[in-house]
Structure formats: structure tokens, C-alpha cells
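Okay, query.cif now, which holds mmCIF, C-alpha atoms:
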data_coords
#
loop_
_atom_site.label_atom_id
_atom_site.label_comp_id
_atom_site.auth_asym_id
_atom_site.auth_seq_id
_atom_site.Cartn_x
_atom_site.Cartn_y
_atom_site.Cartn_z
CA MET A 1048 140.57 59.52 138.14
CA VAL A 1049 139.69 56.20 136.52
CA GLU A 1050 139.23 55.47 132.84
CA LEU A 1051 136.34 53.40 131.52
CA ALA A 1052 137.13 51.75 128.19
CA CYS A 1053 133.87 50.62 126.63
CA TYR A 1054 131.74 50.30 123.53
CA LYS A 1055 128.83 52.73 123.36
CA LYS A 1056 126.32 50.09 122.19
CA CYS A 1057 127.28 47.57 124.88
CA GLY A 1058 124.60 47.01 127.51
CA THR A 1059 127.11 45.95 130.15
CA CYS A 1060 129.11 49.12 129.52
CA GLN A 1061 125.95 51.17 130.01
CA LYS A 1062 125.33 49.44 133.35
CA ALA A 1063 128.91 50.20 134.42
CA LYS A 1064 128.53 53.88 133.49
CA LYS A 1065 125.26 54.10 135.39
CA PHE A 1066 126.90 52.47 138.41
CA LEU A 1067 129.79 54.97 138.38
CA MET A 1068 127.41 57.92 137.99
CA ASN A 1069 125.14 56.67 140.79
CA GLN A 1070 128.19 56.49 143.05
CA GLY A 1071 129.14 60.04 142.13
CA LEU A 1072 132.48 58.89 140.74
CA GLU A 1073 134.17 60.82 137.99
CA TYR A 1074 135.66 58.83 135.16
CA GLU A 1075 137.12 59.35 131.74
CA ASP A 1076 134.94 57.72 129.09
CA ARG A 1077 137.00 56.01 126.37
CA GLU A 1078 135.10 54.62 123.42
CA ILE A 1079 137.15 51.66 122.14
CA ILE A 1080 136.18 51.98 118.48
CA GLU A 1081 137.11 55.66 118.27
CA ASN A 1082 140.10 55.40 120.63
CA PRO A 1083 141.21 51.78 121.12
CA LEU A 1084 143.67 50.78 123.81
CA THR A 1085 147.19 50.45 122.45
CA PHE A 1086 149.25 47.29 122.82
CA GLU A 1087 151.23 48.98 125.62
CA GLU A 1088 148.06 50.03 127.44
CA LEU A 1089 146.62 46.53 127.11
CA LYS A 1090 149.85 44.98 128.38
CA ASP A 1091 149.83 47.29 131.41
CA ALA A 1092 146.14 46.52 132.04
CA TYR A 1093 146.83 42.78 131.80
CA LYS A 1094 149.63 43.01 134.36
CA LYS A 1095 147.59 45.13 136.79
CA SER A 1096 144.47 42.97 136.48
CA GLY A 1097 146.04 39.77 137.77
CA LEU A 1098 143.72 37.88 135.42
CA LYS A 1099 144.46 35.16 132.91
CA ILE A 1100 144.84 36.46 129.37
CA LYS A 1101 141.61 34.78 128.23
CA ALA A 1102 139.69 37.08 130.60
CA PHE A 1103 140.50 39.93 128.18
CA LEU A 1104 138.75 38.21 125.28
CA ASN A 1105 135.11 38.76 124.36
CA THR A 1106 134.57 35.09 123.59
CA SER A 1107 130.89 35.57 122.78
CA GLY A 1108 131.52 38.28 120.21
CA LEU A 1109 131.34 38.14 116.44
CA VAL A 1110 134.99 39.16 115.98
CA TYR A 1111 136.13 36.25 118.18
CA ARG A 1112 134.30 33.85 115.86
CA GLU A 1113 135.34 35.63 112.64
CA LEU A 1114 139.01 35.49 113.60
CA GLU A 1115 138.60 31.85 114.73
CA MET A 1116 140.22 32.72 118.03
CA LYS A 1117 138.89 29.68 119.88
CA ASP A 1118 141.49 27.43 118.27
CA LYS A 1119 144.21 30.05 117.88
CA VAL A 1120 144.46 31.23 121.50
CA LYS A 1121 145.67 27.82 122.62
CA ASN A 1122 148.97 28.41 120.81
CA MET A 1123 149.33 32.17 121.30
CA SER A 1124 151.39 34.01 123.88
CA SER A 1125 149.77 36.73 125.97
CA ASP A 1126 151.63 39.37 123.93
CA GLU A 1127 150.30 37.89 120.70
CA ILE A 1128 146.74 37.92 122.05
CA LEU A 1129 147.08 41.51 123.29
CA ASN A 1130 148.45 42.52 119.90
CA VAL A 1131 145.39 41.05 118.15
CA ILE A 1132 143.09 42.84 120.62
CA SER A 1133 144.87 46.14 119.93
CA LYS A 1134 144.12 45.69 116.21
CA HIS A 1135 140.54 44.45 116.76
CA PRO A 1136 139.12 46.38 119.76
CA MET A 1137 135.77 44.58 119.61
CA LEU A 1138 137.69 41.44 120.58
CA MET A 1139 138.26 42.94 124.04
CA LYS A 1140 135.98 41.97 126.91
CA ARG A 1141 134.39 45.11 128.20
CA PRO A 1142 134.10 47.35 130.01
CA VAL A 1143 137.66 47.78 131.24
CA LEU A 1144 138.06 50.07 134.23
CA ARG A 1145 141.65 51.30 134.51
CA ALA A 1146 143.00 52.99 137.60
CA GLU A 1147 146.52 53.72 138.82
CA SER A 1148 146.71 50.63 141.00
CA PHE A 1149 144.17 48.19 139.51
CA VAL A 1150 142.27 47.11 136.41
CA LEU A 1151 138.83 45.50 136.28
CA VAL A 1152 137.58 43.61 133.24
CA GLY A 1153 133.86 43.13 132.74
CA PHE A 1154 131.28 44.58 135.11
CA LYS A 1155 130.62 42.77 138.38
CA GLU A 1156 129.15 45.27 140.82
CA ASP A 1157 130.52 43.60 143.96
CA GLU A 1158 134.07 43.53 142.53
CA TRP A 1159 133.82 47.16 141.48
CA LYS A 1160 132.52 48.23 144.91
CA LYS A 1161 135.42 46.46 146.59
CA ALA A 1162 138.07 47.85 144.24
CA LEU A 1163 136.63 51.39 144.43
CA ASP A 1164 136.17 51.14 148.22
CA ILE A 1165 132.41 51.71 148.08
CA LYS A 1166 130.33 50.56 151.04
#
Represent the structure from my file as C-alpha cells, please.
Amino acid sequence: MVELACYKKCGTCQKAKKFLMNQGLEYEDREIIENPLTFEELKDAYKKSGLKIKAFLNTSGLVYRELEMKDKVKNMSSDEILNVISKHPMLMKRPVLRAESFVLVGFKEDEWKKALDIK
């Protein structure tokens, strides 16, 4: 089973949920405010994703601006960024789909179809 880490008021997260339901796929729904991903979970997701660390940041969000992350990330290690995300879950780009062998960040239907082997 896959886990969908999302924010209940996020429109993109709602689209991802609808996509999974329309495909008949079961998933565990994880609301990031009530149950944020831990540093260890984020680190594992980062490794499995194959993405650059900045792909995990919600750069258009209010928290990103409030924490002045635009200037800070340039001098931060990936562990430092993941640690900040673990403390401020709204800083995380969402949704995050976590499976045993892969992690997807953000919702791009074609990528999800490919990763989930949907024709």
C-alpha cells in the first residue's frame, strides 16, 4: 500500500486523492498538520525520490516566505532543509506519495501513472 502525505485544504492534494480513487488504488491518507513526516521519513523520501532537495520545498507557500527560506536554502545542507521541513510541515511541497520503492513529490498525473504502472 502507498501513503499519501497531504494537506486537507490543498487543491492539488484533492486532485491526487481523486486520481487514486478513480484508479481504484488503496492508499493511507496522512494529513501533514496532524501527523507530519519525521526527519527520518523525510530523509528516506528524499533518497527514494531521486530529486534535488529544493523539490521538497513549497516555494510558493506562506511559510517559505515567513521563514525567509529563499536566501537560507543556498547555504543549507539537505539534512538541514529536511529538519526545517519536519518542524514546519507546511513548508513541504505536496502531495508526497510514498511507496516501498519510490516517492513522488507534487502531483503530475503522467508521472504517477508511470510509477504506479497504470495504463
The PyMOL selection byres ((chain A and resi 1118-1126) around 12) resolved against shown file, as a PyMOL selection string:
chain A and resi 1086-1091+1093-1094+1098-1104+1106+1111-1117+1127-1133
Could you tell me which residues the PyMOL selection byres ((chain A and resi 1144) around 6) grabs in this file, written as an NGL selection string?
:A and (1050-1051 or 1143 or 1145 or 1150-1151)
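Once all atoms listed in the file are considered, the residues situated within 6 Å of the file point (136.1, 51.1, 121.2) turn out to be Cys1053, Tyr1054, Glu1078, Ile1079, Ile1080, Glu1081, Asn1082, Pro1083 and Pro1136 of chain A.
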Atomic separation - CA of Ala1146 (chain A) relative to CA of Leu1072 (chain A), Å
12.5 Å
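Separating CA of Phe1149 (chain A) from CA of Lys1161 (chain A) is a distance of 11.4 Å.
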With distances taken over all atoms listed in the file, which residue among A:Leu1109, A:Met1068, A:Val1152, A:Leu1138 lies nearest Ala1052 (chain A)?
A:Val1152
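If you look at CA of Asp1076 (chain A) and CA of Leu1163 (chain A), they are 16.7 Å away from each other.
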